[in-house]
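Scroll down for the structure; my scribbles are underneath it.
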Amino acid sequence: MAGERSEEDIVSEYLDQNPQLAQWVDTCRTYCESNKQWEARREFILRNMEAFPTVEPGVPSSSLDMLLSLSMVWANHVFLGCSYPHAVMDKINEMGEGIVVPDPPVHKTTKDGILARGKRSTTTEGDADSCVKRAKCGPNELDGRPAGRTATRKSGPLPQAPAEHQPFFNRLYKAVAWKLVSAGGFGPNLDHFEILRSCVESCKETLISVYVPLKDIAGLPAGRTQKEGHVCEIRCQTVYLGTGYGRDESAAKAMASKEALKVFQGRKVTVKICRRRFKGKDVEDLMLLDEQPRNQGFPPALSYPFQDEQLEDASS
């Protein structure tokens with residue numbers, strides 16, 4: 001009816017009447033949130049502020065951290081299909097009661113977790129055929145090209161790979177941001193690997209860790225090559241995240257995880273194709289980068305998931 005006001009109108013009117021609150025709440029928006037996602041999470045924050053009476057806009061506190069963390073959990077559940085322990089789900093469902101998200105995404109699930117995301121609840125015949133073709137392709141049969149033709153391609157990630165991986169790392173960026181907020185912020189005393197692992201698994205992926213003895217790494221400073229220890233490289237979805245050095249594999253993994261989490265401290269993360277050294281050769285690698293300028297080169301690669309048969313034959 002013409003006389004009815006939408007939830008968005010009510011929120012906007014409330015913020016117009018409280019300009020200081022409006023200015024503060026907008027600082028809680030993350031870089032990767034769309035207008036639709038932010039408007040829903042903003043309403044969640046405003047509706048539940050009374051349940052946290054010690055929260056003062058702009059004043060850091062554990063109550064404010066809890067409210068913002070719960071708002072991210074709720075948004076991840078609504079828009080990304082993330083699931084959490086029953087107690088957490090009950091809490092955010094109660095706090096989100098009455099919030100209307102226009103045209104929300106539909107998440108189809110199986111006993112193993114999220115199956116598909118999107119606004120459509122059915123799959124067209126053409127989409128199904130495309131999925132079947134990709135499932136039947138071998139590792140060298142991307143985009144419908146025969147394996148023989150792909151083997152002649154220059155070794156390295158496909159040109160469209162950064163764009164294909166970017167949506168996942170946008171989701172991971174949000175998951176890491178919420179996790180660090182709930183942990184009190186990025187710091188040296190955190191279990192960096194556990195934070196990174198749990199965030200990646202919440203996005204339905206896994207981390208890959210590769211270890212190499214420090215003395216076996218070519219291209220390191222002369223003084224370092226004489227020291228004992230290990231190097232760890234961490235990847236996710238073939239994308240390089242970080243490298244760490246330590247006295248043993250556990251210490252190297254912890255340092256690599258810390259370096260990887262540093263990338264998530266900026267306003268956004270971007271997947272790019274960059275040049276690196278791998279076994280004494282320059283190769284193109286997929287890397288996750290922040291907005292910080294880098295004057296030095298990247299650490300040499302310990303693994304390379306983009307090798308084709310030609311490169312393998314050349315190195316054998």
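Each chain in the structure tokens gets a letter, A, B and so on, in the order shown; residues start at 1 in every chain, and ligands are counted from 1 in the order they appear.
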Excluding range 286-301 of chain A and any residue of its chain fewer than 5 positions from it, enumerate the residues within 7 Å of it, using only C-alpha atoms, and give them as number ranges by chain.
A: 157, 239-241, 263-264, 266, 268-274, 276-278
Those same residues, written as a short mmCIF file (atom, residue, chain, number, x, y, z; two decimals), in the first residue's frame with all heavy atoms?
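Just written: result_18.cif:
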data_model
loop_
_atom_site.label_atom_id
_atom_site.label_comp_id
_atom_site.auth_asym_id
_atom_site.auth_seq_id
_atom_site.Cartn_x
_atom_site.Cartn_y
_atom_site.Cartn_z
N PRO A 157 49.47 -19.99 -14.96
CA PRO A 157 48.02 -19.84 -14.79
C PRO A 157 47.38 -19.24 -16.03
O PRO A 157 48.00 -18.46 -16.76
CB PRO A 157 47.91 -18.91 -13.59
CG PRO A 157 49.20 -18.16 -13.56
CD PRO A 157 50.24 -19.10 -14.07
N VAL A 239 46.46 -20.46 -5.27
CA VAL A 239 46.92 -19.07 -5.12
C VAL A 239 47.90 -18.99 -3.93
O VAL A 239 47.60 -19.45 -2.84
CB VAL A 239 45.74 -18.12 -4.91
CG1 VAL A 239 46.24 -16.69 -4.69
CG2 VAL A 239 44.80 -18.17 -6.10
N TYR A 240 49.05 -18.38 -4.16
CA TYR A 240 50.07 -18.21 -3.13
C TYR A 240 49.62 -17.18 -2.09
O TYR A 240 49.18 -16.08 -2.44
CB TYR A 240 51.38 -17.76 -3.77
CG TYR A 240 52.43 -17.27 -2.79
CD1 TYR A 240 53.26 -18.16 -2.12
CD2 TYR A 240 52.57 -15.91 -2.54
CE1 TYR A 240 54.21 -17.71 -1.23
CE2 TYR A 240 53.53 -15.44 -1.65
CZ TYR A 240 54.36 -16.34 -0.99
OH TYR A 240 55.30 -15.89 -0.11
N LEU A 241 49.77 -17.53 -0.80
CA LEU A 241 49.36 -16.64 0.29
C LEU A 241 50.54 -16.10 1.09
O LEU A 241 50.54 -14.94 1.48
CB LEU A 241 48.39 -17.35 1.24
CG LEU A 241 47.09 -17.89 0.63
CD1 LEU A 241 46.22 -18.48 1.72
CD2 LEU A 241 46.35 -16.81 -0.13
N VAL A 263 48.35 -9.81 4.68
CA VAL A 263 47.79 -9.35 3.41
C VAL A 263 46.35 -8.90 3.60
O VAL A 263 45.86 -8.02 2.89
CB VAL A 263 47.88 -10.48 2.36
CG1 VAL A 263 47.27 -10.05 1.03
CG2 VAL A 263 49.34 -10.90 2.15
N PHE A 264 45.64 -9.49 4.58
CA PHE A 264 44.23 -9.18 4.79
C PHE A 264 44.01 -7.93 5.63
O PHE A 264 42.87 -7.62 5.97
CB PHE A 264 43.54 -10.37 5.46
CG PHE A 264 43.41 -11.58 4.58
CD1 PHE A 264 44.42 -12.53 4.54
CD2 PHE A 264 42.29 -11.78 3.79
CE1 PHE A 264 44.32 -13.65 3.73
CE2 PHE A 264 42.18 -12.89 2.98
CZ PHE A 264 43.20 -13.83 2.95
N GLY A 266 44.66 -4.82 4.70
CA GLY A 266 44.33 -3.65 3.90
C GLY A 266 42.84 -3.53 3.64
O GLY A 266 42.02 -4.25 4.21
N LYS A 268 41.40 -4.21 0.81
CA LYS A 268 40.95 -5.27 -0.06
C LYS A 268 42.12 -6.18 -0.39
O LYS A 268 43.28 -5.86 -0.13
CB LYS A 268 40.35 -4.72 -1.36
CG LYS A 268 41.34 -4.00 -2.25
CD LYS A 268 40.69 -3.54 -3.54
CE LYS A 268 41.70 -2.84 -4.45
NZ LYS A 268 41.08 -2.42 -5.73
N VAL A 269 41.82 -7.35 -0.94
CA VAL A 269 42.84 -8.26 -1.44
C VAL A 269 42.56 -8.51 -2.92
O VAL A 269 41.41 -8.51 -3.36
CB VAL A 269 42.85 -9.59 -0.66
CG1 VAL A 269 43.31 -9.38 0.76
CG2 VAL A 269 41.47 -10.25 -0.67
N THR A 270 43.63 -8.72 -3.69
CA THR A 270 43.49 -8.88 -5.12
C THR A 270 44.34 -10.06 -5.59
O THR A 270 45.51 -10.16 -5.21
CB THR A 270 43.93 -7.61 -5.87
OG1 THR A 270 43.20 -6.49 -5.36
CG2 THR A 270 43.65 -7.74 -7.36
N VAL A 271 43.77 -10.91 -6.41
CA VAL A 271 44.51 -12.02 -7.02
C VAL A 271 45.15 -11.51 -8.30
O VAL A 271 44.47 -10.95 -9.17
CB VAL A 271 43.59 -13.21 -7.32
CG1 VAL A 271 44.39 -14.36 -7.93
CG2 VAL A 271 42.87 -13.68 -6.06
N LYS A 272 46.47 -11.70 -8.43
CA LYS A 272 47.19 -11.23 -9.60
C LYS A 272 48.17 -12.30 -10.09
O LYS A 272 48.58 -13.17 -9.33
CB LYS A 272 47.97 -9.94 -9.30
CG LYS A 272 47.08 -8.73 -9.01
CD LYS A 272 47.93 -7.49 -8.81
CE LYS A 272 47.05 -6.26 -8.57
NZ LYS A 272 47.87 -5.03 -8.40
N ILE A 273 48.53 -12.20 -11.36
CA ILE A 273 49.59 -13.03 -11.92
C ILE A 273 50.90 -12.26 -11.81
O ILE A 273 51.01 -11.14 -12.32
CB ILE A 273 49.30 -13.39 -13.38
CG1 ILE A 273 48.02 -14.25 -13.46
CG2 ILE A 273 50.48 -14.15 -14.00
CD1 ILE A 273 47.61 -14.62 -14.87
N CYS A 274 51.89 -12.84 -11.13
CA CYS A 274 53.16 -12.18 -10.90
C CYS A 274 54.31 -13.10 -11.30
O CYS A 274 54.15 -14.32 -11.36
CB CYS A 274 53.32 -11.77 -9.43
SG CYS A 274 52.04 -10.67 -8.81
N ARG A 276 57.80 -14.96 -10.52
CA ARG A 276 58.56 -15.47 -9.38
C ARG A 276 59.63 -16.43 -9.88
O ARG A 276 59.61 -16.84 -11.04
CB ARG A 276 57.64 -16.20 -8.38
CG ARG A 276 56.54 -15.37 -7.79
CD ARG A 276 55.72 -16.20 -6.83
NE ARG A 276 56.46 -16.50 -5.60
CZ ARG A 276 56.07 -17.41 -4.71
NH1 ARG A 276 55.00 -18.14 -4.93
NH2 ARG A 276 56.78 -17.63 -3.62
N ARG A 277 60.53 -16.81 -8.99
CA ARG A 277 61.54 -17.81 -9.30
C ARG A 277 61.09 -19.17 -8.79
O ARG A 277 60.61 -19.29 -7.66
CB ARG A 277 62.88 -17.45 -8.66
CG ARG A 277 63.49 -16.15 -9.15
CD ARG A 277 64.02 -16.27 -10.56
NE ARG A 277 65.22 -17.09 -10.65
CZ ARG A 277 65.83 -17.40 -11.79
NH1 ARG A 277 65.34 -16.95 -12.94
NH2 ARG A 277 66.92 -18.14 -11.79
N PHE A 278 61.21 -20.19 -9.61
CA PHE A 278 60.88 -21.55 -9.21
C PHE A 278 61.92 -22.49 -9.80
O PHE A 278 62.05 -22.60 -11.02
CB PHE A 278 59.48 -21.95 -9.69
CG PHE A 278 59.13 -23.39 -9.40
CD1 PHE A 278 58.97 -23.83 -8.10
CD2 PHE A 278 58.98 -24.31 -10.44
CE1 PHE A 278 58.66 -25.16 -7.82
CE2 PHE A 278 58.66 -25.64 -10.18
CZ PHE A 278 58.49 -26.05 -8.86
#
Using only C-alpha atoms: which of A:Met89, A:Cys82, A:Leu21, A:Cys236 has the shortest distance to Cys203 in chain A
A:Cys82
Nearest residue to Thr243 in chain A out of A:Met255, A:Ala51, A:Met72, A:Leu64, using only C-alpha atoms?
A:Met255
Please identify the strand (DSSP E) residues within range 165-250 of chain A (assignment by DSSP from backbone atoms) and present them as a ChimeraX atom specification.
/A:208-213,230-236,239-246
Name the residues in contact with Ser83 in chain A at a cut-off of 9 Å, using only C-alpha atoms, excluding same-chain residues fewer than 5 positions from it; report them as a list in words.
Val73, Asn76, His77, Met89, Gly113 and Ser202 of chain A
